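Data file: input39.pdb. Format and content: PDB, C-alpha atoms and all ligand atoms.
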```pdb
ATOM      1  CA  MET N   1     103.139 122.882  92.446  1.00  0.00           C
ATOM      2  CA  ILE N   2     104.529 122.285  95.923  1.00  0.00           C
ATOM      3  CA  THR N   3     107.681 124.373  96.398  1.00  0.00           C
ATOM      4  CA  SER N   4     110.896 123.833  98.336  1.00  0.00           C
ATOM      5  CA  LYS N   5     109.858 126.622 100.684  1.00  0.00           C
ATOM      6  CA  GLU N   6     106.606 124.823 101.538  1.00  0.00           C
ATOM      7  CA  ILE N   7     108.431 121.546 102.235  1.00  0.00           C
ATOM      8  CA  GLU N   8     110.960 123.473 104.334  1.00  0.00           C
ATOM      9  CA  SER N   9     108.122 124.951 106.360  1.00  0.00           C
ATOM     10  CA  ILE N  10     106.263 121.696 107.149  1.00  0.00           C
ATOM     11  CA  PHE N  11     109.472 119.911 108.175  1.00  0.00           C
ATOM     12  CA  ALA N  12     111.309 122.968 109.553  1.00  0.00           C
ATOM     13  CA  VAL N  13     112.163 121.433 112.940  1.00  0.00           C
ATOM     14  CA  GLN N  14     113.396 118.093 111.587  1.00  0.00           C
ATOM     15  CA  LEU N  15     115.307 119.634 108.656  1.00  0.00           C
ATOM     16  CA  GLY N  16     116.926 121.941 111.189  1.00  0.00           C
ATOM     17  CA  LYS N  17     118.469 118.854 112.805  1.00  0.00           C
ATOM     18  CA  ILE N  18     120.420 118.010 109.624  1.00  0.00           C
ATOM     19  CA  LYS N  19     123.775 119.784 109.933  1.00  0.00           C
ATOM     20  CA  ASP N  20     125.010 119.136 106.399  1.00  0.00           C
ATOM     21  CA  ASP N  21     123.582 121.845 104.101  1.00  0.00           C
ATOM     22  CA  GLU N  22     123.869 119.678 101.025  1.00  0.00           C
ATOM     23  CA  LEU N  23     122.029 116.732 102.613  1.00  0.00           C
ATOM     24  CA  ARG N  24     119.303 119.061 103.928  1.00  0.00           C
ATOM     25  CA  SER N  25     118.654 120.490 100.445  1.00  0.00           C
ATOM     26  CA  GLN N  26     118.778 116.991  98.964  1.00  0.00           C
ATOM     27  CA  VAL N  27     115.955 115.894 101.295  1.00  0.00           C
ATOM     28  CA  VAL N  28     113.851 118.903 100.283  1.00  0.00           C
ATOM     29  CA  LYS N  29     114.575 118.334  96.600  1.00  0.00           C
ATOM     30  CA  ILE N  30     113.498 114.672  96.851  1.00  0.00           C
ATOM     31  CA  TRP N  31     110.248 115.654  98.603  1.00  0.00           C
ATOM     32  CA  VAL N  32     109.478 118.292  95.953  1.00  0.00           C
ATOM     33  CA  ALA N  33     110.192 115.728  93.201  1.00  0.00           C
ATOM     34  CA  GLY N  34     107.951 113.166  94.963  1.00  0.00           C
ATOM     35  CA  CYS N  35     105.063 115.636  95.212  1.00  0.00           C
ATOM     36  CA  GLU N  36     105.407 116.423  91.533  1.00  0.00           C
ATOM     37  CA  ARG N  37     105.629 112.782  90.484  1.00  0.00           C
ATOM     38  CA  GLY N  38     102.686 111.807  92.663  1.00  0.00           C
ATOM     39  CA  GLY N  39     100.566 114.680  91.306  1.00  0.00           C
ATOM     40  CA  TRP N  40     100.147 116.508  94.628  1.00  0.00           C
ATOM     41  CA  ASP N  41      99.683 120.179  93.783  1.00  0.00           C
ATOM     42  CA  SER N  42      99.086 121.937  97.085  1.00  0.00           C
ATOM     43  CA  ILE N  43     100.314 121.783 100.615  1.00  0.00           C
ATOM     44  CA  ASP N  44      96.708 121.435 101.847  1.00  0.00           C
ATOM     45  CA  GLU N  45      96.288 118.295  99.742  1.00  0.00           C
ATOM     46  CA  LEU N  46      99.615 116.993 100.979  1.00  0.00           C
ATOM     47  CA  LYS N  47      98.616 117.442 104.614  1.00  0.00           C
ATOM     48  CA  LYS N  48      95.446 115.369 104.080  1.00  0.00           C
ATOM     49  CA  ILE N  49      97.152 112.207 102.792  1.00  0.00           C
ATOM     50  CA  PRO N  50      96.640 109.375 105.335  1.00  0.00           C
ATOM     51  CA  PHE N  51      99.813 107.750 106.573  1.00  0.00           C
ATOM     52  CA  THR N  52      98.852 104.292 105.353  1.00  0.00           C
ATOM     53  CA  LEU N  53      96.133 102.466 103.435  1.00  0.00           C
ATOM     54  CA  LEU N  54      96.743  99.272 105.424  1.00  0.00           C
ATOM     55  CA  THR N  55      94.719 100.173 108.508  1.00  0.00           C
ATOM     56  CA  ASP N  56      92.369 102.856 109.852  1.00  0.00           C
ATOM     57  CA  THR N  57      94.746 105.718 110.653  1.00  0.00           C
ATOM     58  CA  LYS N  58      92.194 107.492 112.927  1.00  0.00           C
ATOM     59  CA  GLY N  59      93.065 110.741 111.179  1.00  0.00           C
ATOM     60  CA  VAL N  60      96.852 110.469 111.553  1.00  0.00           C
ATOM     61  CA  SER N  61      98.302 111.995 108.401  1.00  0.00           C
ATOM     62  CA  PHE N  62     101.293 111.024 106.306  1.00  0.00           C
ATOM     63  CA  ILE N  63     103.065 114.271 107.279  1.00  0.00           C
ATOM     64  CA  GLU N  64     102.396 113.726 111.010  1.00  0.00           C
ATOM     65  CA  HIS N  65     103.661 110.146 110.660  1.00  0.00           C
ATOM     66  CA  THR N  66     106.852 111.287 108.922  1.00  0.00           C
ATOM     67  CA  ILE N  67     107.539 113.809 111.698  1.00  0.00           C
ATOM     68  CA  ALA N  68     106.780 111.266 114.459  1.00  0.00           C
ATOM     69  CA  VAL N  69     109.059 108.625 112.919  1.00  0.00           C
ATOM     70  CA  THR N  70     111.918 111.093 112.395  1.00  0.00           C
ATOM     71  CA  GLU N  71     111.685 112.418 115.952  1.00  0.00           C
ATOM     72  CA  GLY N  72     111.182 108.905 117.360  1.00  0.00           C
ATOM     73  CA  ALA N  73     114.255 107.527 115.574  1.00  0.00           C
ATOM     74  CA  LEU N  74     116.377 110.488 116.721  1.00  0.00           C
ATOM     75  CA  ALA N  75     115.181 109.967 120.305  1.00  0.00           C
ATOM     76  CA  LEU N  76     116.064 106.238 120.152  1.00  0.00           C
ATOM     77  CA  ALA N  77     119.612 107.165 119.068  1.00  0.00           C
ATOM     78  CA  GLN N  78     119.906 109.838 121.745  1.00  0.00           C
ATOM     79  CA  ALA N  79     118.770 107.407 124.444  1.00  0.00           C
ATOM     80  CA  GLN N  80     121.626 105.018 123.608  1.00  0.00           C
ATOM     81  CA  ILE N  81     124.206 107.793 123.192  1.00  0.00           C
ATOM     82  CA  GLU N  82     123.299 109.139 126.645  1.00  0.00           C
ATOM     83  CA  ALA N  83     122.986 105.777 128.442  1.00  0.00           C
ATOM     84  CA  TYR N  84     126.047 103.902 127.129  1.00  0.00           C
ATOM     85  CA  LYS N  85     129.550 104.594 128.464  1.00  0.00           C
ATOM     86  CA  LYS N  86     130.894 103.442 125.110  1.00  0.00           C
ATOM     87  CA  MET N  87     128.831 103.155 121.921  1.00  0.00           C
ATOM     88  CA  PRO N  88     129.337  99.729 120.229  1.00  0.00           C
ATOM     89  CA  TYR N  89     128.422 101.296 116.815  1.00  0.00           C
ATOM     90  CA  ARG N  90     127.966 104.817 115.561  1.00  0.00           C
ATOM     91  CA  PHE N  91     124.744 106.595 114.654  1.00  0.00           C
ATOM     92  CA  ASP N  92     125.037 109.205 111.922  1.00  0.00           C
ATOM     93  CA  LEU N  93     122.429 111.667 113.190  1.00  0.00           C
ATOM     94  CA  ASP N  94     122.322 113.579 109.895  1.00  0.00           C
ATOM     95  CA  ARG N  95     121.572 110.365 108.021  1.00  0.00           C
ATOM     96  CA  LEU N  96     119.055 109.392 110.673  1.00  0.00           C
ATOM     97  CA  ALA N  97     117.088 112.650 110.333  1.00  0.00           C
ATOM     98  CA  ALA N  98     117.311 112.539 106.525  1.00  0.00           C
ATOM     99  CA  GLY N  99     116.274 108.866 106.431  1.00  0.00           C
ATOM    100  CA  GLY N 100     113.380 109.522 108.797  1.00  0.00           C
ATOM    101  CA  LEU N 101     112.110 112.292 106.558  1.00  0.00           C
ATOM    102  CA  LEU N 102     112.583 110.209 103.400  1.00  0.00           C
ATOM    103  CA  HIS N 103     111.692 106.674 104.492  1.00  0.00           C
ATOM    104  CA  ASP N 104     108.118 106.915 103.188  1.00  0.00           C
ATOM    105  CA  VAL N 105     108.629 109.481 100.406  1.00  0.00           C
ATOM    106  CA  GLY N 106     107.600 106.761  97.912  1.00  0.00           C
ATOM    107  CA  LYS N 107     104.068 106.919  99.354  1.00  0.00           C
ATOM    108  CA  LEU N 108     103.666 110.142  97.376  1.00  0.00           C
ATOM    109  CA  MET N 109     103.610 107.870  94.324  1.00  0.00           C
ATOM    110  CA  GLU N 110     102.030 104.818  95.986  1.00  0.00           C
ATOM    111  CA  ILE N 111      98.873 106.556  97.227  1.00  0.00           C
ATOM    112  CA  GLU N 112      96.409 108.511  95.078  1.00  0.00           C
ATOM    113  CA  ARG N 113      92.932 109.975  95.479  1.00  0.00           C
ATOM    114  CA  ASP N 114      90.177 107.534  94.533  1.00  0.00           C
ATOM    115  CA  GLY N 115      87.871 110.231  93.174  1.00  0.00           C
ATOM    116  CA  LYS N 116      85.300 109.501  95.925  1.00  0.00           C
ATOM    117  CA  GLY N 117      86.890 111.541  98.678  1.00  0.00           C
ATOM    118  CA  GLY N 118      89.217 108.754  99.758  1.00  0.00           C
ATOM    119  CA  TYR N 119      92.544 107.254  98.737  1.00  0.00           C
ATOM    120  CA  HIS N 120      93.710 104.039  97.138  1.00  0.00           C
ATOM    121  CA  LYS N 121      96.834 102.375  95.802  1.00  0.00           C
ATOM    122  CA  SER N 122      97.990 103.889  92.515  1.00  0.00           C
ATOM    123  CA  HIS N 123      99.169 102.013  89.444  1.00  0.00           C
ATOM    124  CA  SER N 124     102.712 102.982  90.407  1.00  0.00           C
ATOM    125  CA  GLY N 125     102.090 101.635  93.917  1.00  0.00           C
ATOM    126  CA  LYS N 126     101.002  98.295  92.443  1.00  0.00           C
ATOM    127  CA  CYS N 127     104.193  98.153  90.365  1.00  0.00           C
ATOM    128  CA  ALA N 128     106.527  98.977  93.270  1.00  0.00           C
ATOM    129  CA  ARG N 129     105.954  99.424  96.970  1.00  0.00           C
ATOM    130  CA  HIS N 130     106.994 102.749  98.512  1.00  0.00           C
ATOM    131  CA  PRO N 131     110.396 101.600  99.844  1.00  0.00           C
ATOM    132  CA  ILE N 132     111.423 100.796  96.253  1.00  0.00           C
ATOM    133  CA  SER N 133     109.826 103.783  94.482  1.00  0.00           C
ATOM    134  CA  GLY N 134     111.089 106.124  97.209  1.00  0.00           C
ATOM    135  CA  ALA N 135     114.637 104.821  96.855  1.00  0.00           C
ATOM    136  CA  LEU N 136     114.529 105.122  93.070  1.00  0.00           C
ATOM    137  CA  LEU N 137     113.376 108.727  93.413  1.00  0.00           C
ATOM    138  CA  ALA N 138     116.069 109.497  96.001  1.00  0.00           C
ATOM    139  CA  ALA N 139     118.732 107.845  93.836  1.00  0.00           C
ATOM    140  CA  GLU N 140     117.778 110.124  90.947  1.00  0.00           C
ATOM    141  CA  SER N 141     118.604 113.058  93.225  1.00  0.00           C
ATOM    142  CA  GLY N 142     121.998 111.611  94.104  1.00  0.00           C
ATOM    143  CA  ALA N 143     121.236 110.065  97.538  1.00  0.00           C
ATOM    144  CA  ASP N 144     124.141 107.873  98.660  1.00  0.00           C
ATOM    145  CA  GLU N 145     123.771 104.100  99.128  1.00  0.00           C
ATOM    146  CA  GLU N 146     123.616 104.283 102.917  1.00  0.00           C
ATOM    147  CA  LEU N 147     120.765 106.791 102.804  1.00  0.00           C
ATOM    148  CA  LEU N 148     119.052 104.578 100.216  1.00  0.00           C
ATOM    149  CA  ASN N 149     119.373 101.667 102.655  1.00  0.00           C
ATOM    150  CA  THR N 150     117.243 103.589 105.192  1.00  0.00           C
ATOM    151  CA  ILE N 151     114.469 103.857 102.587  1.00  0.00           C
ATOM    152  CA  ILE N 152     114.734 100.423 100.948  1.00  0.00           C
ATOM    153  CA  CYS N 153     115.102  98.431 104.181  1.00  0.00           C
ATOM    154  CA  HIS N 154     112.861 100.358 106.629  1.00  0.00           C
ATOM    155  CA  ALA N 155     109.895  98.005 106.099  1.00  0.00           C
ATOM    156  CA  LYS N 156     109.533  94.277 105.385  1.00  0.00           C
ATOM    157  CA  GLU N 157     111.915  94.593 102.410  1.00  0.00           C
ATOM    158  CA  GLY N 158     114.662  94.925 105.045  1.00  0.00           C
ATOM    159  CA  ASP N 159     113.778  91.829 107.080  1.00  0.00           C
ATOM    160  CA  GLY N 160     116.939  89.803 107.606  1.00  0.00           C
ATOM    161  CA  ARG N 161     118.952  92.094 105.309  1.00  0.00           C
ATOM    162  CA  PRO N 162     122.106  94.059 106.147  1.00  0.00           C
ATOM    163  CA  GLN N 163     121.199  97.534 107.381  1.00  0.00           C
ATOM    164  CA  VAL N 164     122.992 100.706 108.419  1.00  0.00           C
ATOM    165  CA  PRO N 165     122.302 101.427 112.135  1.00  0.00           C
ATOM    166  CA  GLU N 166     120.002 104.324 111.184  1.00  0.00           C
ATOM    167  CA  THR N 167     117.708 101.949 109.264  1.00  0.00           C
ATOM    168  CA  VAL N 168     117.246  99.812 112.384  1.00  0.00           C
ATOM    169  CA  LEU N 169     115.998 102.818 114.370  1.00  0.00           C
ATOM    170  CA  ILE N 170     113.778 104.152 111.584  1.00  0.00           C
ATOM    171  CA  HIS N 171     112.199 100.695 111.261  1.00  0.00           C
ATOM    172  CA  GLN N 172     111.483 100.545 114.999  1.00  0.00           C
ATOM    173  CA  ALA N 173     110.129 104.115 115.114  1.00  0.00           C
ATOM    174  CA  ASP N 174     107.975 103.347 112.074  1.00  0.00           C
ATOM    175  CA  PHE N 175     106.403 100.245 113.604  1.00  0.00           C
ATOM    176  CA  ALA N 176     105.985 102.037 116.945  1.00  0.00           C
ATOM    177  CA  THR N 177     103.500 104.278 115.133  1.00  0.00           C
ATOM    178  CA  PHE N 178     101.948 101.570 112.933  1.00  0.00           C
ATOM    179  CA  ASP N 179     101.435  98.657 115.343  1.00  0.00           C
ATOM    180  CA  PRO N 180      99.219 100.464 117.909  1.00  0.00           C
ATOM    181  CA  LEU N 181      96.842 101.554 115.126  1.00  0.00           C
ATOM    182  CA  VAL N 182      96.620  98.019 113.732  1.00  0.00           C
ATOM    183  CA  MET N 183      96.051  96.649 117.244  1.00  0.00           C
ATOM    184  CA  LEU N 184      93.441  99.324 117.899  1.00  0.00           C
ATOM    185  CA  SER N 185      91.547  98.320 114.755  1.00  0.00           C
ATOM    186  CA  LYS N 186      91.676  94.625 115.759  1.00  0.00           C
ATOM    187  CA  GLY N 187      90.544  95.324 119.330  1.00  0.00           C
ATOM    188  CA  LEU N 188      93.895  94.201 120.682  1.00  0.00           C
ATOM    189  CA  LEU N 189      94.977  97.509 122.216  1.00  0.00           C
ATOM    190  CA  ILE N 190      94.060  97.612 125.887  1.00  0.00           C
ATOM    191  CA  GLU N 191      92.859 101.132 126.744  1.00  0.00           C
TER     192      GLU N 191
HETATM  193 FE    FE N 201     106.535 104.970 107.665  1.00  0.00          FE
END
```

Could you express the structure from this file as structure tokens?
Amino acid sequence: MITSKEIESIFAVQLGKIKDDELRSQVVKIWVAGCERGGWDSIDELKKIPFTLLTDTKGVSFIEHTIAVTEGALALAQAQIEAYKKMPYRFDLDRLAAGGLLHDVGKLMEIERDGKGGYHKSHSGKCARHPISGALLAAESGADEELLNTIICHAKEGDGRPQVPETVLIHQADFATFDPLVMLSKGLLIE
């Protein structure tokens, strides 16, 4: 079983950016629940999960992706906070860090080992994509509706839908890590 302490250690820096103690433990609790539900028993296994099944990830892991998206979204908020004389809207940085860490938590249920050394979409993943399964899991742990919006609407499910400002940044940070890999695999990334 993957423990709270292990989750706290892999995401130590990003969890440290969540000021609210209750929200920080909620994020850890949701991750532990996701690992259990997805059948991931050890931190070594967890670290090997690829970040997506949709393109060649070139070795980028799900954990690395989660960290990059969380840090990227926080940096996008910081850039606006520092550059604008007056912010036209408000970023909740606690929600942004929590949403970054949780946006893909449903992949713990969506992805499974294929028994041949690789990974494929699980039965659960066929029934519900990770934004939906992740939000259901987070809701079970008492996540509020705005935090759920960051999970539900971070991918195509959010296209054209109302979003909290944190969702907008998580979406952009997410695709900033996804698009170059897709372009690389299609020969469209100029190097
Ligand atoms: Fe993602």

Practice prompt. Report as number ranges by chain the residues that result from applying the PyMOL selection byres (((not hetatm)) within 12 of (chain N and resi 201)) to the structure here.
Written response: N: 50-54, 60-70, 72-73, 99-108, 130-131, 134, 150-156, 167, 169-179

Produce a file of the selected residues containing C-alpha atoms, as an mmCIF file, in the coordinates of the input.
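Okay, part28.cif is ready:
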```cif
data_model
loop_
_atom_site.group_PDB
_atom_site.id
_atom_site.type_symbol
_atom_site.label_atom_id
_atom_site.label_comp_id
_atom_site.auth_asym_id
_atom_site.auth_seq_id
_atom_site.Cartn_x
_atom_site.Cartn_y
_atom_site.Cartn_z
ATOM 1 C CA PRO N 50 96.640 109.375 105.335
ATOM 2 C CA PHE N 51 99.813 107.750 106.573
ATOM 3 C CA THR N 52 98.852 104.292 105.353
ATOM 4 C CA LEU N 53 96.133 102.466 103.435
ATOM 5 C CA LEU N 54 96.743 99.272 105.424
ATOM 6 C CA VAL N 60 96.852 110.469 111.553
ATOM 7 C CA SER N 61 98.302 111.995 108.401
ATOM 8 C CA PHE N 62 101.293 111.024 106.306
ATOM 9 C CA ILE N 63 103.065 114.271 107.279
ATOM 10 C CA GLU N 64 102.396 113.726 111.010
ATOM 11 C CA HIS N 65 103.661 110.146 110.660
ATOM 12 C CA THR N 66 106.852 111.287 108.922
ATOM 13 C CA ILE N 67 107.539 113.809 111.698
ATOM 14 C CA ALA N 68 106.780 111.266 114.459
ATOM 15 C CA VAL N 69 109.059 108.625 112.919
ATOM 16 C CA THR N 70 111.918 111.093 112.395
ATOM 17 C CA GLY N 72 111.182 108.905 117.360
ATOM 18 C CA ALA N 73 114.255 107.527 115.574
ATOM 19 C CA GLY N 99 116.274 108.866 106.431
ATOM 20 C CA GLY N 100 113.380 109.522 108.797
ATOM 21 C CA LEU N 101 112.110 112.292 106.558
ATOM 22 C CA LEU N 102 112.583 110.209 103.400
ATOM 23 C CA HIS N 103 111.692 106.674 104.492
ATOM 24 C CA ASP N 104 108.118 106.915 103.188
ATOM 25 C CA VAL N 105 108.629 109.481 100.406
ATOM 26 C CA GLY N 106 107.600 106.761 97.912
ATOM 27 C CA LYS N 107 104.068 106.919 99.354
ATOM 28 C CA LEU N 108 103.666 110.142 97.376
ATOM 29 C CA HIS N 130 106.994 102.749 98.512
ATOM 30 C CA PRO N 131 110.396 101.600 99.844
ATOM 31 C CA GLY N 134 111.089 106.124 97.209
ATOM 32 C CA THR N 150 117.243 103.589 105.192
ATOM 33 C CA ILE N 151 114.469 103.857 102.587
ATOM 34 C CA ILE N 152 114.734 100.423 100.948
ATOM 35 C CA CYS N 153 115.102 98.431 104.181
ATOM 36 C CA HIS N 154 112.861 100.358 106.629
ATOM 37 C CA ALA N 155 109.895 98.005 106.099
ATOM 38 C CA LYS N 156 109.533 94.277 105.385
ATOM 39 C CA THR N 167 117.708 101.949 109.264
ATOM 40 C CA LEU N 169 115.998 102.818 114.370
ATOM 41 C CA ILE N 170 113.778 104.152 111.584
ATOM 42 C CA HIS N 171 112.199 100.695 111.261
ATOM 43 C CA GLN N 172 111.483 100.545 114.999
ATOM 44 C CA ALA N 173 110.129 104.115 115.114
ATOM 45 C CA ASP N 174 107.975 103.347 112.074
ATOM 46 C CA PHE N 175 106.403 100.245 113.604
ATOM 47 C CA ALA N 176 105.985 102.037 116.945
ATOM 48 C CA THR N 177 103.500 104.278 115.133
ATOM 49 C CA PHE N 178 101.948 101.570 112.933
ATOM 50 C CA ASP N 179 101.435 98.657 115.343
#
```

Worksheet item: Out of N:Leu46, N:Val168, N:Ile132, N:Lys186, which residue has the shortest atom-to-atom distance to N:Ala77 when counting only C-alpha atoms?
Response: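 Counting only C-alpha atoms, the residue closest to N:Ala77 is N:Val168.
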
Discussion item. Between atom CA of N:Tyr89 and atom CA of N:Leu76, what is the distance in Å, rounded to a tenth?
Written reply: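 Between these atoms lies a distance of 13.7 Å.
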
Discussion item. Show me, as a count of residues only, the residues that have an atom within 7 Å of N:Lys121 when counting all atoms listed in the file, minus same-chain residues fewer than 2 positions from it.
Written reply: 6

Worksheet entry | Minimum-distance residue to N:Cys35, chosen among N:Asp56, N:Glu82, N:Glu6, N:Asp21 (using only C-alpha atoms) | N:Glu6

Practice prompt. List the residues matched by the PyMOL selection byres (((chain N and resi 12) around 12) and not hetatm) in the displayed structure as a ChimeraX atom specification, ordered by chain and then by residue number.
Written response: /N:4-11,13-18,24-25,27-28,67,97,101

Worksheet item: At what distance in Å, to one decimal, does atom CA of N:Gln163 lie from atom CA of N:Ile81?
Response: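 Computing the Euclidean distance for atom CA of N:Ile81 and atom CA of N:Gln163 yields 19.1 Å.
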
Discussion item. Using all atoms listed in the file for the distances, tell me which of N:Ser141, N:Phe91, N:Gly187, N:Pro162 is nearest to N:Val32.
Written reply: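 Closest residue, counting all atoms listed in the file: N:Ser141.
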
Fill in: Non-local contacts of N:Met109 (7 Å; all atoms listed in the file; under 4 positions in same chain excluded) as a list in words
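Here the qualifying residues turn out to be Gly34, Arg37, Gly38, Ser124 and Gly125 of chain N.
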
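With all atoms listed in the file as the atoms that count, the residue of N:Lys85, N:Gly118, N:Val182, N:Lys19 with the shortest distance to N:Ala98 is N:Lys19.
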
Discussion item. Between atom CA of N:Asp94 and atom CA of N:Glu36, what is the distance in Å, rounded to a tenth?
Written reply: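 Between these atoms lies a distance of 25.1 Å.
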
Could you give me, as a PDB file with C-alpha atoms, in the coordinates of the input, the residues that have an atom at most 6 Å away from the point (117.9, 111.8, 100.1) in the coordinates of the file, using only C-alpha atoms?
```pdb
ATOM      1  CA  GLN N  26     118.778 116.991  98.964  1.00  0.00           C
ATOM      2  CA  VAL N  27     115.955 115.894 101.295  1.00  0.00           C
ATOM      3  CA  ALA N 138     116.069 109.497  96.001  1.00  0.00           C
ATOM      4  CA  ALA N 143     121.236 110.065  97.538  1.00  0.00           C
TER       5      ALA N 143
END
```
